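Worksheet: one structure, shown below.
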Amino acid sequence: MHHAATEAPDLFARHRTLLEQAVAATESRKHWTPYPESPSKSVYGEDAAYLGEAAFREQIGRPFDLPGHPAEGRVAPEEHSPYGFPLGISYPRLSPASAVAAAKDATAAWRKAGPDTRAGVAAEILARLNAASFEIAHAVQHTTGQAFVMAFQAGGPHAQDRGLEAVANAWAAQKKN
């Protein structure tokens with residue numbers, strides 16, 4: 001029988017070069033990004049825009065679930081797009097106290113994982129978010145009223161840049177200790 005940990009990909013190895021480049025960029029303060037802000041087909045792929053919009057449309061009228069995460073009921077699906085249609089998406093409800101308790105329960109394992117594993121996991125999360133940039137852009141557009149390109153940039157690459165900067169700074173600081 002195999003354990004999940006032995007079957008898990010080495011996310012740090014997968015993202016090590018990215019993390020090293022991000023640390024170098026934060027130290028030099030020169031502009032650098034692995035997440036292009038243009039929603040062009042040549043950057044994200046021929047079908048990315050279509051698939052992202054389709055993924056967003058599939059969420060309309062359905063519950064948004066987070067399997068494996070605690071929940072204390074649901075937030076009612078009352079939100080409407082500023083562009084004139086109901087989103088009809090319900091969300092898991094979690095009290096702040098329960099969220100803090102769940103985070104505290106995960107602390108020991110997260111600490112034990114070490115800086116490289118934590119950075120690798122965070123970089124993988126950012127990679128997956130980047131791959132979903134078009135879907136996220138539609139969600140941002142239809143919850144904020146922003147134009148699509150602004151929603152794409154702010155909800156996608158710009159946010160991912162800030163996330164990577166935080167991960168790089170945290171990883172570098174932890175490696176110094």
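By convention in this document, the chains of the structure tokens carry letters A, B, ... by their order, each chain's residues are numbered from 1, and ligands are numbered from 1 in the order they are shown.
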Problem set entry | Secondary structure check, helix (DSSP H, G or I) residues of range 29-142 of chain A, as a PyMOL selection string | chain A and resi 41-44+48-59+96-131+133-142
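Omitting Asp116 in chain A and its sequence neighbours fewer than 3 positions away, and counting only C-alpha atoms, the residues within 10 Å are Asp10, Leu11, Phe12, Ala13, His15, Arg16, Leu19, Ala113, Ala119, Gly120, Val121, Ala122, Trp171, Ala172, Gln174 and Lys175 of chain A.
Residues lying within 9 Å of range 43-59 of chain A, counting only C-alpha atoms and ignoring same-chain neighbours fewer than 6 positions away, are Pro36, Leu87, Gly88, Ile89, Ala131, Ala132, Ser133, Phe134, Glu135, Ile136, Ala137, His138 and Ala139 of chain A.
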Exercise. Looking only at the backbone, which of the residues in range 19-128 of chain A does DSSP tag as strand (DSSP E or B), as a ChimeraX atom specification?
Worked result: /A:74-75,80,86,91-92
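If only C-alpha atoms are the atoms counted, then among A:Tyr83, A:Arg14, A:Gly73, A:Pro67 the closest residue to Ala147 in chain A is A:Tyr83.
Between CA of Lys176 in chain A and CA of Arg29 in chain A the separation is 19.3 Å.
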Problem set entry | All residues 12 Å or closer to Gly68 in chain A, only C-alpha atoms, same chain fewer than 3 positions away omitted, as a list in words | Asp65, Ala71, Pro92 and Ala102 of chain A
Problem set entry | Contacts of Ala170 in chain A at 10 Å (only C-alpha atoms; same-chain gap of 3+ positions) as a VMD selection string | chain A and resid 23 115 118 to 119 164 to 167 173 to 175
Close residues, Leu66 in chain A itself excluded, 12 Å, only C-alpha atoms, min 4 positions apart in chain, as an mmCIF file with N, CA and C atoms, in the first residue's frame:
```
data_model
loop_
_atom_site.group_PDB
_atom_site.id
_atom_site.type_symbol
_atom_site.label_atom_id
_atom_site.label_comp_id
_atom_site.auth_asym_id
_atom_site.auth_seq_id
_atom_site.Cartn_x
_atom_site.Cartn_y
_atom_site.Cartn_z
ATOM 1 N N PRO A 70 -14.250 22.648 6.546
ATOM 2 C CA PRO A 70 -15.389 22.771 7.454
ATOM 3 C C PRO A 70 -16.396 23.797 6.933
ATOM 4 N N ALA A 71 -17.645 23.579 7.258
ATOM 5 C CA ALA A 71 -18.711 24.515 6.879
ATOM 6 C C ALA A 71 -19.788 24.473 7.944
ATOM 7 N N ARG A 74 -24.710 27.421 4.646
ATOM 8 C CA ARG A 74 -24.383 28.034 3.360
ATOM 9 C C ARG A 74 -24.828 29.482 3.349
ATOM 10 N N SER A 90 -24.333 29.685 -4.205
ATOM 11 C CA SER A 90 -24.243 29.662 -2.738
ATOM 12 C C SER A 90 -22.833 29.242 -2.351
ATOM 13 N N TYR A 91 -22.439 29.643 -1.141
ATOM 14 C CA TYR A 91 -21.078 29.391 -0.660
ATOM 15 C C TYR A 91 -21.134 28.773 0.726
ATOM 16 N N PRO A 92 -20.133 27.978 1.077
ATOM 17 C CA PRO A 92 -20.075 27.468 2.455
ATOM 18 C C PRO A 92 -19.896 28.629 3.436
ATOM 19 N N ARG A 93 -20.584 28.544 4.558
ATOM 20 C CA ARG A 93 -20.455 29.546 5.619
ATOM 21 C C ARG A 93 -19.567 28.955 6.712
ATOM 22 N N LEU A 94 -18.657 29.759 7.204
ATOM 23 C CA LEU A 94 -17.761 29.344 8.272
ATOM 24 C C LEU A 94 -17.532 30.524 9.193
#
```
Per residue of range 15-107 of chain A within 10 Å of range 151-159 of chain A, note the shortest atom pair and the distance in Å to one decimal, counting only C-alpha atoms, and order the rows by chain and increasing residue number, as CSV.
```
residue,atom,partner,partner_atom,distance
A:Thr33,CA,A:Pro157,CA,8.5
A:Pro34,CA,A:Pro157,CA,8.6
A:Tyr35,CA,A:Pro157,CA,5.1
A:Pro36,CA,A:Pro157,CA,6.3
A:Glu37,CA,A:Gln153,CA,5.4
A:Ser38,CA,A:Gln153,CA,7.5
A:Pro39,CA,A:Phe152,CA,7.1
```
Output N, CA, C and O atoms for every residue in the selection just made, as a compact mmCIF listing (two decimals), in the first residue's frame.
```
# COMPACT_ATOMS: atom_id res chain seq x y z
N THR A 33 7.84 39.18 -13.91
CA THR A 33 6.62 38.43 -13.65
C THR A 33 6.58 37.17 -14.50
O THR A 33 6.93 37.21 -15.68
N PRO A 34 6.16 36.07 -13.92
CA PRO A 34 5.93 34.87 -14.73
C PRO A 34 4.48 34.79 -15.22
O PRO A 34 4.12 33.87 -15.94
N TYR A 35 3.65 35.78 -14.81
CA TYR A 35 2.22 35.75 -15.10
C TYR A 35 1.86 36.91 -16.04
O TYR A 35 1.56 38.01 -15.59
N PRO A 36 1.87 36.70 -17.35
CA PRO A 36 1.59 37.78 -18.29
C PRO A 36 0.19 38.38 -18.06
O PRO A 36 -0.78 37.66 -17.82
N GLU A 37 0.12 39.71 -18.14
CA GLU A 37 -1.14 40.39 -17.85
C GLU A 37 -2.04 40.54 -19.08
O GLU A 37 -3.17 41.00 -18.96
N SER A 38 -1.56 40.13 -20.24
CA SER A 38 -2.38 40.20 -21.44
C SER A 38 -3.18 38.92 -21.60
O SER A 38 -2.62 37.83 -21.61
N PRO A 39 -4.50 39.04 -21.76
CA PRO A 39 -5.31 37.83 -21.95
C PRO A 39 -5.28 37.35 -23.41
O PRO A 39 -6.30 37.02 -23.98
```
